[in-house]
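Before any comments, here is the structure.
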Amino acid sequence: MSPVTDSRKSVLERIRAATAGKAAEGHADIPRNYVRRGDMTVSARHERFVERLREYDAEVVECEPEGLAAAITAVLAASGRHRFVAPPGIPAEWYVDAAWKIEGLECTFDHGLETREIEQAEGVITGCFCGVADSGTIVLHHGPAEGRRVISLLPDWHLCVVHSSQVVETLPEYFDRCQVSGVRDQGPERLPKLVTWISGPSATADIEMTRIKGVHGPRFLHVILVRD
Amino acid sequence: MSGVTDHPVLDPALAPPFPAAALPVLRNVQLRKNVAHAIDVIQAKRGKLVAEKTDWQELRTAAAAIKDETLANLGGYLEQFEERCTAAGGHVHWAADAAEARRIMLEILREAGANEVIKIKTMTAAEIQLNPFLEAAGVRAYETDLAEIILQLGKGEPSHIVVPALHVNRAQVREIFARTMGLPDLSDDPKGLTEAARNYLRQKFLEVPTAISGANFLVAETGGVAIVESEGNGRMCLTLPRTMITLAGIEKVVPRFQDLEVMLQLLARSATGERMNPYTSLWTGVVPGDGPQNFHVVLLDNGRSSILGRKTERQTLRCIRCAACMNTCPVYRQTGGHAYGSVYPGPIGAILTPQLEQLRHAQSLPFASSLCGACYEVCPVKINIPEILIDLRARVTDQERHTVGKFFDPLYVGLRVANVIFSQAWLFHFAQWAGRIGAKLVTRRDGWIHALPSVGAKWTQTRDLRGLPKQTFHEWWRERKTAGRQVSGSASQRVGDAVGGRETK
């Protein structure tokens with residue numbers, strides 16, 4: 001037996017010896033009296049989401065579903081940036097090739113781009129899985145419209161498209177959405193393997209607790225909230 | 001580092017006892033100013049954001065219950081984590097102690113052919129003193145968290161578990177960066193300093209193919225690992241390298257993915273006073289095409305399982321390392337973190353370090369507290385730190401009084417004598433009588449004892465003692481009963497006088 005498996009056995013034995021005795025309370029007995037469902041109206045929830053995002057210094061634009069492509073083009077054009085990357089799975093109606101050409105905007109889709117190529121991009125456009133109003137958080141599960149983790153990390157500028165139907169009020173409601181058809185305990189294969197919770201642009205307060213926007217992650221976070 | 005004369009020792013086996021280690025800090029006015037300033041800022045932010053959360057207490061209760069249930073079934077949950085993480089393509093290793101963890105990690109690095117590694121801030125790696133070990137083995141570790149860069153380049157030591165360079169001010173950071181990065185024109189504006197760190201690390205992130213992280217949470221249900229951070233250096237380390245090693249204490253596991261809904265709401269608010277920290281990442285084993293394709297988790301015991309067996313002390317392992325206890329602690333505020341002689345300072349350090357050392361070292365730490373209870377009040381997982389401090393004090397005292405040479409220690413001789421005297425009423429009365437005669441010799445005219453002779457001087461060095469009263473309670477009681485039989489009314493009048501009561505009409 002290798003020393004490594006020896007340690008596995010000895011650590012587990014020590015744990016079992018220390019926790020032996022009276023049967024412990026089960027996971028189902030945990031008191032969950034915290035707020036698990038928000039009580040805001042739809043419009044108040046959206047307002048809260050936008051307000052919290054702005055408090056993190058994120059830029060937020062709102063639009064109707066039919067105005068999304070125009071809104072994206074406008075935000076990209078106003079950014080002063082030209083080279084963008086996007087995950088291959090973003091919906092076709094998000095971009096209008098012709099309009100982008102006029103503005104001089106280029107977008108490369110991530111079909112296995114090299115790190116260096118992503119690093120060269122000035123911005124990234126992604127969707128998201130969910131938005132949490134209470135904390136102004138955007139959650140990525142890195143599905144087809146959200147892309148690999150690296151593409152929303154290296155570019156200095158991130159535009160995330162959030163549909164209002166994706167916005168929940170509280171964090172527990174996000175976790176409910178991860179469960180299929182509201183049934184909990186679906187097993188690990190139903191739960192996301194990759195999650196990134198993003199709350200504002202990258203920041204630090206390591207020097208005298210002064211919050212500085214933008215360290216290694218994107219320094220600029222833009223959100224388009226689509227009222228669908 | 002400028003302004004710090006005595007280099008702190010953060011190895012509990014070598015560090016001086018707390019009172020001695022605290023002295024140089026108490027004399028360092030600049031350091032105390034830096035610590036107090038940073039803490040005031042965090043505390044103000046935290047207070048505001050906790051107050052707006054209407055279900056804060058319910059979240060704390062749930063978090064404590066989740067952690068208790070995890071710890072009660074820890075073996076099962078760790079096995080489940082191992083099984084699920086392995087099924088997802090990760091490799092799980094078990095380390096009984098620091099030396100084994102270091103050896104396992106070095107083996108993985110050697111196999112990957114690494115001579116450089118990028119690191120996300122991990123106090124667990126600091127606990128096992130990983131960096132000096134790797135350096136000696138020819139692997140250069142680059143810290144990527146801004147505070148850790150400041151400390152690594154300035155050859156400093158962490159003084160806080162969330163903001164490790166909290167004791168360093170911007171002028172000192174400027175000096176360190178200007179000197180070590182070759183930027184003589186750097187200003188002390190935090191924005192410029194942050195930019196310098198970004199540029200310093202960018203190439204490292206893109207080039208170094210191996211990374212080391214700690215873990216905030218291990219999810220037993222999925223085999224996932226979660227990291228909570230602000231800067232994005234964590235995401236860089238988790239995404240770009242080919243090989244990734246996560247070092248995690250065995251207590252970091254939570255049973256279900258859903259349990260994070262409680263933990264994530266508590267952690268950022270408690271730690272940095274934010275509704276949510278900028279980035280939290282969760283990954284599960286190896287995901288083809290996204291992130292490191294060679295992923296290892298090292299589960300570290302290093303004394304933790306010995307804490308598990310004691311009912312009161314087990315709470316220690318609920319800790320989610322938010323540092324709210326040190327931010328609120330009146331002792332930490334004065335001494336900063338270095339005096340604790342461990343990478344875990346403040347109230348949590350005062351209970352965690354001696355226990356991880358199994359009371360072989362750091363015995364002075366349980367006494368480094370005023371027992372005011374502020375730490376318990378803010379703790380997001382409701383660790384009753386004062387209760388554990390008192391329990392540890394008892395254990396340290398028990399250990400000490402049984403050591404050879406302590407038998408004739410005046411304190412323990414005194415306590416043994418007191419033990420005999422208090423067990424016999426006549427001895428007690430005799431001692432009171434003798435004590436009053438003795439006390440007369442040292443009581444000044446103002447009714448106070450300003451200086452006791454011999455070992456008693458230790459007590460009166462920093463405080464005055466009131467002289468003994470002319471009458472003991474027993475004597476007064478007897479007299480009252482006698483007087484009461486004579487004139488019942490005046491006796492009750494006298495009781496009122498004695499307790500300082502006054503009738504108003």
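Naming scheme: A, B, ... for chains in displayed order of the structure tokens; residues 1 onward per chain; ligands 1 onward as shown.
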Which of region 13-195 of chain A fall in strand (DSSP E), as number ranges by chain: A: 59-63, 83-86, 106-109, 123-126, 130-132, 137-140, 157-163, 167-168, 195
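Shortest separation to Met105 (chain B) among B:Val343, B:Leu299, B:Leu23, B:Met276 occurs at residue B:Leu299, atoms counted being only C-alpha atoms.
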Contacts of Ile207 (chain A) at 8 Å (only C-alpha atoms; same-chain gap of 2+ positions) as a list in words: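 The filter keeps Thr204, Ala205, Met209 and Thr210 of chain A; Ala147, Ala165, Leu166, Val168, Asn169, Arg170, Val173 and Pro190 of chain B.
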For Glu173 (chain A), the nearest of the candidates B:Gln258, B:Thr462, B:Thr246, B:Asn131, counting only C-alpha atoms: B:Gln258
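Using only C-alpha atoms, the smallest distance between any of B:Ala126, B:Ala96, B:Cys375, B:Leu151 and chain A comes from B:Ala96.
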Distance query Ala17 (chain A) at most 12 Å, only C-alpha atoms, self and fewer than 3 positions along chain excluded, as a PyMOL selection string: (chain A and resi 10-14+20-21) or (chain B and resi 72-75+305-310)
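Each of A:Arg45, A:His163, A:Lys9, A:His222 was compared to chain B using only C-alpha atoms, and A:Lys9 turns out to be the nearest.
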Nearest residue to chain A from the set B:Thr472, B:Thr403, B:Asn199, B:Thr222 (distances using only C-alpha atoms): B:Thr222
Option closest in space to chain B, from A:Leu113, A:Ala121, A:Leu159, A:Val61 [counting only C-alpha atoms]: A:Leu113
All residues 10 Å or closer to His111 (chain A), only C-alpha atoms, same chain fewer than 6 positions away omitted, as a PyMOL selection string: chain A and resi 86-89+147
Please save C-alpha atoms of the selected residues as a PDB file, in the first residue's frame.
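Saved the output as part.pdb:
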```
ATOM      1  CA  ALA A  86     -17.921  36.159 -28.670  1.00  0.00           C
ATOM      2  CA  PRO A  87     -18.933  32.593 -27.906  1.00  0.00           C
ATOM      3  CA  PRO A  88     -20.132  30.684 -30.978  1.00  0.00           C
ATOM      4  CA  GLY A  89     -23.558  30.070 -29.450  1.00  0.00           C
ATOM      5  CA  GLY A 147     -18.613  30.829 -23.745  1.00  0.00           C
TER       6      GLY A 147
END
```
All residues 9 Å or closer to His46 (chain A), only C-alpha atoms, same chain fewer than 3 positions away omitted, as a PyMOL selection string: chain A and resi 41-43+49-51+133+164+167-169+225
Pull out every residue of chain A sitting within 7 Å of chain B, counting only C-alpha atoms, and send them as a CSV table (one decimal) with C-alpha atoms, in the first residue's frame.
```
chain,number,residue,atom,x,y,z
A,4,VAL,CA,-0.8,8.1,0.1
A,7,SER,CA,-3.0,8.7,4.9
A,8,ARG,CA,-6.5,8.4,3.3
A,11,VAL,CA,-7.4,10.6,8.2
A,12,LEU,CA,-10.8,8.9,7.7
A,14,ARG,CA,-9.4,9.7,12.9
A,15,ILE,CA,-12.5,11.5,11.6
A,16,ARG,CA,-14.8,8.5,12.2
A,18,ALA,CA,-14.0,11.8,16.5
A,19,THR,CA,-17.5,11.8,15.1
A,24,ALA,CA,-26.2,13.4,13.8
A,25,GLU,CA,-29.0,15.6,12.5
A,26,GLY,CA,-29.6,15.1,8.8
A,27,HIS,CA,-29.2,17.6,6.1
A,30,ILE,CA,-31.2,22.3,8.7
A,31,PRO,CA,-33.4,25.4,9.5
A,32,ARG,CA,-33.8,27.5,6.4
A,33,ASN,CA,-35.8,30.4,7.6
A,34,TYR,CA,-33.9,33.0,5.6
A,35,VAL,CA,-35.5,34.7,2.6
A,135,SER,CA,-26.6,41.6,-5.1
A,148,ARG,CA,-15.5,29.3,-22.2
A,149,ARG,CA,-14.3,30.9,-19.0
A,150,VAL,CA,-11.3,32.4,-20.7
A,171,LEU,CA,-29.6,34.3,-4.5
A,172,PRO,CA,-31.6,31.2,-3.4
A,175,PHE,CA,-30.2,28.0,-7.0
A,188,PRO,CA,-24.9,16.0,-9.6
A,193,LYS,CA,-20.1,22.0,-13.7
A,194,LEU,CA,-18.7,25.5,-14.2
A,195,VAL,CA,-20.2,28.6,-12.7
A,196,THR,CA,-18.8,32.2,-12.5
A,197,TRP,CA,-20.7,34.7,-10.4
A,198,ILE,CA,-19.8,38.2,-11.5
A,199,SER,CA,-20.6,41.2,-9.4
A,200,GLY,CA,-19.2,44.3,-11.1
A,201,PRO,CA,-15.8,44.8,-12.8
A,202,SER,CA,-12.7,43.3,-11.3
A,203,ALA,CA,-11.6,45.2,-8.2
A,204,THR,CA,-9.3,45.3,-5.2
A,206,ASP,CA,-5.9,45.7,-0.8
A,207,ILE,CA,-4.2,49.0,-0.5
A,208,GLU,CA,-5.7,50.9,2.4
A,209,MET,CA,-9.1,49.4,1.7
A,212,ILE,CA,-9.8,50.2,-7.2
A,215,VAL,CA,-7.1,44.5,-11.6
A,216,HIS,CA,-6.8,41.4,-13.7
A,217,GLY,CA,-10.3,40.7,-14.8
```
Distance query Ala145 (chain A) at most 12 Å, only C-alpha atoms, self and fewer than 3 positions along chain excluded, as a VMD selection string: chain A and resid 85 to 92 94 109 to 110 124 to 129 140 to 142 148 to 149 151 to 152 160 to 162
